[in-house]
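Beneath this line is the structure, given in structure tokens, with notes to follow.
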Amino acid sequence: MKRSKSFFSIFSYVFLILGLAIVAVPLWYMISTAFKPQTMVFELPPQLWPNPSTFQNFIKAMTTDNFGLYFWNSTKVAVTATLLTVLVSSMLAFAFARLNFPFKEPLFYLLLVGMMVPPVMLIIPQFVISHWLKLYNTLWGLILVYVTMNISMQTFLLRGVFEDIPRDLEEAAMIDGSSPMTIFTKIVLPLSGPGLAVVVINSFLYSWEEYAWANVNIGDSVKRTLPIGIALFQTAHLTEWGQVFAASLVALIPVVIIFIAFQRYFVQGISTTGIKG
Amino acid sequence: MQVKKSRNQILPAIIFLLPGFALFFVFFLGPLLYSLRISFFNWNFVHNNLSVFVGFKNYITELKDPIFHRAVINTAVYTAITVSVKMVLGFFVAVLLNQKLRGRTFFRVAYYLPVITSWVIVSLLFTYMFSGQGGLVNYFLKNVLHVINTDIMWLADPILALVPVVLVDIWKGVGWTVVIFLAGLQSIPVELVEAAAVDGANRWQRLVKIILPNMRGTLVFLLVVLILGGLNAYVPFQLITHGDPMDQTHSILTLMYRATFERLDFGSGAAISYLLTLFVFLLSFVQLKLLRKPAGE
């Protein structure tokens with residue numbers, strides 16, 4: 001018994017470290033390439049760290065090639081879309097978890113259809129509608145679509161979270177004459193921190209990295225978001241991988257910050273949001 | 001009490017539902033139905049009213065088109081491989097990480113890094129690593145493992161071009177399945193597994209008899225989400241293969257993109273997306289049935 005246990009943990013480590021290497025090699029290659037001068041981009045054998053290494057790719061990407069501007073556009077889009085997603089889907093979830101109204105079940109299932117239809121499938125009609133509503137070539141066109149594509153899933157998650165909050169609290173408040181709005185802002189939201197954190201992570205990551213819709217809806221180069229900027233830069237400068245990955249690394253900074261800040265809630269959030277064995 | 005309350009909740013309900021459903025109708029349900037309409041027309045994007053109704057012609061043309069067949073096969077193979085590998089590897093890693101192990105959190109965070117790296121970035125990264133000349137993968141195969149003699153032109157071959165697309169999905173996706181499986185594993189009561197161990201069940205028996213049956217919900221959830229994601233693969237195909245060579249490496253959705261925004265044939269694009277939507281609905285329906293089946297849970 002004892003021996004089989006230690007054998008298993010040695011096996012576990014070997015396997016996990018092997019997996020770690022597979023995860024790490026591409027990431028390391030991306031980071032080291034970002035510091036390579038252009039002449040070394042295809043140089044083999046690969047060096048653990050480029051010698052000579054340079055910061056030039058970062059400086060050039062952020063200044064001459066407009067990635068600074070794309071970064072700012074992405075920030076505006078992702079922050080606004082995230083705030084709106086949290087607001088709109090928590091309101092929806094509150095209604096479905098706590099209020100009584102006609103057609104509640106059918107409306108909820110209608111909303112869930114949004115989880116089954118993937119965003120890319122809708123870009124044609126959204127493109128047409130975006131022209132009608134004068135949202136073509138605007139960042140609002142991105143924001144509103146991102147919020148819409150996120151609300152079904154996030155409402156579903158939050159409804160589960162809200163339903164787990166004990167009702168006694170609200171019933172006490174209700175007797176005191178509180179309105180649903182007060183119950184929502186004073187009781188339900190403050191008690192749903194981890195659930196809301198998951199919504200923040202999901203919608204921020206989605207809006208920060210979305211490519212298909214942004215590629216279609218944005219024509220003007222000064223309105224591009226980072227994913228579009230990076231992809232188009234690569235198409236235009238086929239071999240300037242150093243700059244592509246310098247821009248990519250800068251694009252990853254907010255994502256890593258969000259991930260580290262909310263990491264604790266993240267795992268907790270998954271286990272409290274209804275995905276149970 | 002309950003009845004008395006329900007009356008005066010209609011107004012608040014409208015207030016809470018309005019913003020969400022307004023967006024949902026304008027940017028989701030409206031477009032979904034509108035797309036169905038477009039798919040029956042030879043759509044004129046500039047002058048919508050000049051569009052000509054063509055019935056099922058767009059659908060029939062696509063269903064007969066060998067490029068569409070190829071895209072369907074590519075998407076199906078991609079989905080089958082990536083979903084099964086991610087399920088098996090993800091489960092395996094989750095079981096390993098579910099023990100009391102030094103550095104557990106570190107491994108968990110490290111495996112999750114590819115998940116948070118954006119699709120655009122990882123797709124370009126794999127394009128770079130699979131470069132025909134000077135690429136890291138060819139170097140590894142040729143100079144380290146010595147299994148090939150000449151550089152492989154990955155992206156010039158209609159079959160080999162799919163290798164980086166499949167690998168990038170697996171590389172990026174395993175971390176997510178690990179986290180979901182871990183959440184599932186942790187929801188199994190410890191006493192249940194310990195009791196089985198006391199009764200003399202070995203590691204394997206505990207896995208098959210106790211752990212797997214208790215993970216049914218997690219397994220079905222993952223299957224649904226991963227298959228859906230696979231069928232809708234877009235960015236890696238678009239950025240790694242662009243459908244080249246000779247339109248042999250499209251996924252269904254990159255073909256839709258090409259029909260719509262390169263050939264400006266909106267009707268055919270909409271027909272392709274509807275064919276996929278129908279299939280996805282059918283599949284989701286079957287999967288929901290599967291999920292509901294055990295009434296006692």
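Starting from 1 in every chain, residues are counted up; chains themselves are A, B, ... following the order of the structure tokens, and ligands are numbered from 1 as listed.
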
Sorted per-residue table, chain A near chain B, closest atoms and distance, 7 Å, only C-alpha atoms, as JSON lines:
{"residue": "A:Ser12", "atom": "CA", "partner": "B:Leu96", "partner_atom": "CA", "distance": 5.9}
{"residue": "A:Leu20", "atom": "CA", "partner": "B:Tyr111", "partner_atom": "CA", "distance": 6.9}
{"residue": "A:Val23", "atom": "CA", "partner": "B:Tyr111", "partner_atom": "CA", "distance": 6.7}
{"residue": "A:Met30", "atom": "CA", "partner": "B:Leu125", "partner_atom": "CA", "distance": 6.7}
{"residue": "A:Phe42", "atom": "CA", "partner": "B:Gly134", "partner_atom": "CA", "distance": 4.8}
{"residue": "A:Glu43", "atom": "CA", "partner": "B:Gly134", "partner_atom": "CA", "distance": 6.5}
{"residue": "A:Leu44", "atom": "CA", "partner": "B:Gly134", "partner_atom": "CA", "distance": 6.6}
{"residue": "A:Val88", "atom": "CA", "partner": "B:Gly20", "partner_atom": "CA", "distance": 5.5}
{"residue": "A:Ser89", "atom": "CA", "partner": "B:Gly20", "partner_atom": "CA", "distance": 6.8}
{"residue": "A:Met91", "atom": "CA", "partner": "B:Phe16", "partner_atom": "CA", "distance": 5.1}
{"residue": "A:Leu92", "atom": "CA", "partner": "B:Leu17", "partner_atom": "CA", "distance": 5.3}
{"residue": "A:Ala95", "atom": "CA", "partner": "B:Ala13", "partner_atom": "CA", "distance": 5.8}
{"residue": "A:Leu99", "atom": "CA", "partner": "B:Gln9", "partner_atom": "CA", "distance": 6.3}
{"residue": "A:Asn100", "atom": "CA", "partner": "B:Ser6", "partner_atom": "CA", "distance": 5.2}
{"residue": "A:Phe101", "atom": "CA", "partner": "B:Ile10", "partner_atom": "CA", "distance": 5.4}
{"residue": "A:Val117", "atom": "CA", "partner": "B:Thr277", "partner_atom": "CA", "distance": 6.8}
{"residue": "A:Pro118", "atom": "CA", "partner": "B:Asn232", "partner_atom": "CA", "distance": 6.8}
{"residue": "A:Met121", "atom": "CA", "partner": "B:Ser273", "partner_atom": "CA", "distance": 5.4}
{"residue": "A:Leu122", "atom": "CA", "partner": "B:Leu32", "partner_atom": "CA", "distance": 6.5}
{"residue": "A:Ile124", "atom": "CA", "partner": "B:Ala270", "partner_atom": "CA", "distance": 6.8}
{"residue": "A:Pro125", "atom": "CA", "partner": "B:Pro31", "partner_atom": "CA", "distance": 4.9}
{"residue": "A:Gln126", "atom": "CA", "partner": "B:Pro31", "partner_atom": "CA", "distance": 5.8}
{"residue": "A:Val145", "atom": "CA", "partner": "B:Phe27", "partner_atom": "CA", "distance": 6.2}
{"residue": "A:Thr148", "atom": "CA", "partner": "B:Leu23", "partner_atom": "CA", "distance": 5.8}
{"residue": "A:Pro180", "atom": "CA", "partner": "B:Pro12", "partner_atom": "CA", "distance": 6.9}
{"residue": "A:Glu209", "atom": "CA", "partner": "B:Ser118", "partner_atom": "CA", "distance": 5.5}
{"residue": "A:Pro227", "atom": "CA", "partner": "B:Val120", "partner_atom": "CA", "distance": 6.1}
{"residue": "A:Ala231", "atom": "CA", "partner": "B:Val120", "partner_atom": "CA", "distance": 6.8}
{"residue": "A:Ser248", "atom": "CA", "partner": "B:Ile121", "partner_atom": "CA", "distance": 6.2}
{"residue": "A:Leu252", "atom": "CA", "partner": "B:Thr117", "partner_atom": "CA", "distance": 6.7}
{"residue": "A:Val255", "atom": "CA", "partner": "B:Ile116", "partner_atom": "CA", "distance": 6.9}
{"residue": "A:Ile270", "atom": "CA", "partner": "B:Ala183", "partner_atom": "CA", "distance": 6.7}
{"residue": "A:Ser271", "atom": "CA", "partner": "B:Ala183", "partner_atom": "CA", "distance": 5.4}
{"residue": "A:Ile275", "atom": "CA", "partner": "B:Thr218", "partner_atom": "CA", "distance": 6.5}
{"residue": "A:Lys276", "atom": "CA", "partner": "B:Gly184", "partner_atom": "CA", "distance": 5.6}
{"residue": "A:Gly277", "atom": "CA", "partner": "B:Met215", "partner_atom": "CA", "distance": 4.4}

Restricting the output to N, CA and C atoms, write the selected residues as an mmCIF file, in the first residue's frame.
data_model
loop_
_atom_site.group_PDB
_atom_site.id
_atom_site.type_symbol
_atom_site.label_atom_id
_atom_site.label_comp_id
_atom_site.auth_asym_id
_atom_site.auth_seq_id
_atom_site.Cartn_x
_atom_site.Cartn_y
_atom_site.Cartn_z
ATOM 1 N N SER A 12 3.138 10.812 -10.872
ATOM 2 C CA SER A 12 2.399 12.068 -11.020
ATOM 3 C C SER A 12 3.336 13.207 -11.358
ATOM 4 N N LEU A 20 4.095 20.306 -18.099
ATOM 5 C CA LEU A 20 4.538 21.682 -17.885
ATOM 6 C C LEU A 20 5.489 22.132 -18.987
ATOM 7 N N VAL A 23 3.580 22.911 -22.083
ATOM 8 C CA VAL A 23 2.901 24.198 -21.947
ATOM 9 C C VAL A 23 3.908 25.335 -22.096
ATOM 10 N N MET A 30 7.739 32.443 -27.566
ATOM 11 C CA MET A 30 7.119 33.730 -27.874
ATOM 12 C C MET A 30 7.862 34.853 -27.146
ATOM 13 N N PHE A 42 14.701 33.765 -37.402
ATOM 14 C CA PHE A 42 14.661 32.364 -37.848
ATOM 15 C C PHE A 42 15.968 31.644 -37.565
ATOM 16 N N GLU A 43 16.728 32.130 -36.601
ATOM 17 C CA GLU A 43 18.022 31.520 -36.348
ATOM 18 C C GLU A 43 17.880 30.257 -35.504
ATOM 19 N N LEU A 44 18.540 29.197 -35.978
ATOM 20 C CA LEU A 44 18.500 27.922 -35.266
ATOM 21 C C LEU A 44 19.929 27.434 -35.047
ATOM 22 N N VAL A 88 -26.183 44.212 -16.709
ATOM 23 C CA VAL A 88 -27.351 43.676 -17.407
ATOM 24 C C VAL A 88 -27.626 42.233 -16.992
ATOM 25 N N SER A 89 -26.586 41.408 -16.907
ATOM 26 C CA SER A 89 -26.877 40.001 -16.613
ATOM 27 C C SER A 89 -27.229 39.798 -15.147
ATOM 28 N N MET A 91 -29.017 41.913 -13.432
ATOM 29 C CA MET A 91 -30.427 42.307 -13.368
ATOM 30 C C MET A 91 -31.331 41.186 -13.896
ATOM 31 N N LEU A 92 -30.939 40.633 -15.033
ATOM 32 C CA LEU A 92 -31.719 39.521 -15.595
ATOM 33 C C LEU A 92 -31.774 38.362 -14.598
ATOM 34 N N ALA A 95 -34.107 38.923 -11.717
ATOM 35 C CA ALA A 95 -35.509 38.738 -12.087
ATOM 36 C C ALA A 95 -35.861 37.255 -12.153
ATOM 37 N N LEU A 99 -38.029 37.142 -8.792
ATOM 38 C CA LEU A 99 -39.319 37.802 -9.032
ATOM 39 C C LEU A 99 -40.307 36.828 -9.668
ATOM 40 N N ASN A 100 -41.582 37.114 -9.465
ATOM 41 C CA ASN A 100 -42.625 36.325 -10.131
ATOM 42 C C ASN A 100 -43.246 37.159 -11.233
ATOM 43 N N PHE A 101 -43.290 36.611 -12.420
ATOM 44 C CA PHE A 101 -43.940 37.335 -13.517
ATOM 45 C C PHE A 101 -44.370 36.320 -14.565
ATOM 46 N N VAL A 117 -26.051 29.247 -29.761
ATOM 47 C CA VAL A 117 -25.642 29.791 -31.051
ATOM 48 C C VAL A 117 -24.332 30.541 -30.863
ATOM 49 N N PRO A 118 -23.299 30.075 -31.513
ATOM 50 C CA PRO A 118 -22.003 30.710 -31.336
ATOM 51 C C PRO A 118 -21.913 32.039 -32.058
ATOM 52 N N MET A 121 -21.393 32.765 -35.975
ATOM 53 C CA MET A 121 -22.487 32.480 -36.892
ATOM 54 C C MET A 121 -23.351 33.690 -37.167
ATOM 55 N N LEU A 122 -23.331 34.653 -36.241
ATOM 56 C CA LEU A 122 -24.245 35.781 -36.384
ATOM 57 C C LEU A 122 -23.602 36.990 -37.040
ATOM 58 N N ILE A 124 -22.895 37.851 -40.007
ATOM 59 C CA ILE A 124 -23.489 38.393 -41.240
ATOM 60 C C ILE A 124 -24.679 39.301 -40.915
ATOM 61 N N PRO A 125 -25.725 38.769 -40.242
ATOM 62 C CA PRO A 125 -26.856 39.659 -39.957
ATOM 63 C C PRO A 125 -26.465 40.810 -39.027
ATOM 64 N N GLN A 126 -25.543 40.563 -38.095
ATOM 65 C CA GLN A 126 -25.124 41.657 -37.212
ATOM 66 C C GLN A 126 -24.451 42.768 -38.008
ATOM 67 N N VAL A 145 -22.520 44.347 -29.073
ATOM 68 C CA VAL A 145 -22.563 42.953 -29.510
ATOM 69 C C VAL A 145 -21.866 42.047 -28.481
ATOM 70 N N THR A 148 -24.190 41.468 -25.606
ATOM 71 C CA THR A 148 -25.269 40.558 -25.983
ATOM 72 C C THR A 148 -24.779 39.109 -26.059
ATOM 73 N N PRO A 180 -37.850 45.619 -4.534
ATOM 74 C CA PRO A 180 -36.925 44.678 -5.185
ATOM 75 C C PRO A 180 -35.581 45.324 -5.503
ATOM 76 N N GLU A 209 -10.210 39.735 -26.269
ATOM 77 C CA GLU A 209 -9.562 38.944 -27.309
ATOM 78 C C GLU A 209 -10.440 38.666 -28.526
ATOM 79 N N PRO A 227 -6.506 42.564 -31.051
ATOM 80 C CA PRO A 227 -6.441 41.327 -31.851
ATOM 81 C C PRO A 227 -6.386 41.610 -33.350
ATOM 82 N N ALA A 231 -3.182 40.761 -35.771
ATOM 83 C CA ALA A 231 -3.351 39.851 -36.911
ATOM 84 C C ALA A 231 -3.028 40.555 -38.232
ATOM 85 N N SER A 248 2.020 41.234 -28.749
ATOM 86 C CA SER A 248 1.215 40.205 -28.087
ATOM 87 C C SER A 248 1.466 40.192 -26.588
ATOM 88 N N LEU A 252 -1.072 40.838 -23.445
ATOM 89 C CA LEU A 252 -1.368 39.843 -22.412
ATOM 90 C C LEU A 252 -1.315 40.406 -20.995
ATOM 91 N N VAL A 255 -4.631 40.829 -19.147
ATOM 92 C CA VAL A 255 -5.249 39.519 -18.955
ATOM 93 C C VAL A 255 -4.614 38.811 -17.762
ATOM 94 N N ILE A 270 -16.263 28.577 -10.141
ATOM 95 C CA ILE A 270 -16.678 27.449 -10.962
ATOM 96 C C ILE A 270 -17.451 26.442 -10.133
ATOM 97 N N SER A 271 -16.961 26.196 -8.903
ATOM 98 C CA SER A 271 -17.641 25.165 -8.124
ATOM 99 C C SER A 271 -18.950 25.680 -7.525
ATOM 100 N N ILE A 275 -21.883 24.013 -12.008
ATOM 101 C CA ILE A 275 -21.283 22.900 -12.714
ATOM 102 C C ILE A 275 -20.873 21.881 -11.674
ATOM 103 N N LYS A 276 -21.800 21.011 -11.334
ATOM 104 C CA LYS A 276 -21.494 20.055 -10.281
ATOM 105 C C LYS A 276 -21.518 18.650 -10.831
ATOM 106 N N GLY A 277 -20.834 17.765 -10.159
ATOM 107 C CA GLY A 277 -20.667 16.397 -10.648
ATOM 108 C C GLY A 277 -21.925 15.586 -10.705
#

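Rounded to one decimal, CA of Gly90 in chain B and CA of Ile170 in chain B lie 9.9 Å from each other.
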
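In this model, the gap between CA of Asn74 in chain B and CA of Ala212 in chain A comes to 19.5 Å.
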
- Message: Please list as a PyMOL selection string every residue within 7 Å of Phe40 in chain B, counting only C-alpha atoms and excluding residues in the same chain fewer than 4 positions away.
- Response: chain B and resi 53-56+58+267

- Mind the document's chain letters and residue numbers, and return as a PyMOL selection string the residues of range 40-182 of chain A that DSSP labels helix (DSSP H, G or I). chain A and resi 40+56-62+67-98+104-116+119-132+139-163+167-175+180-182

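Straight-line separation from CA of Leu169 in chain A to CA of Phe94 in chain A: 14.9 Å.
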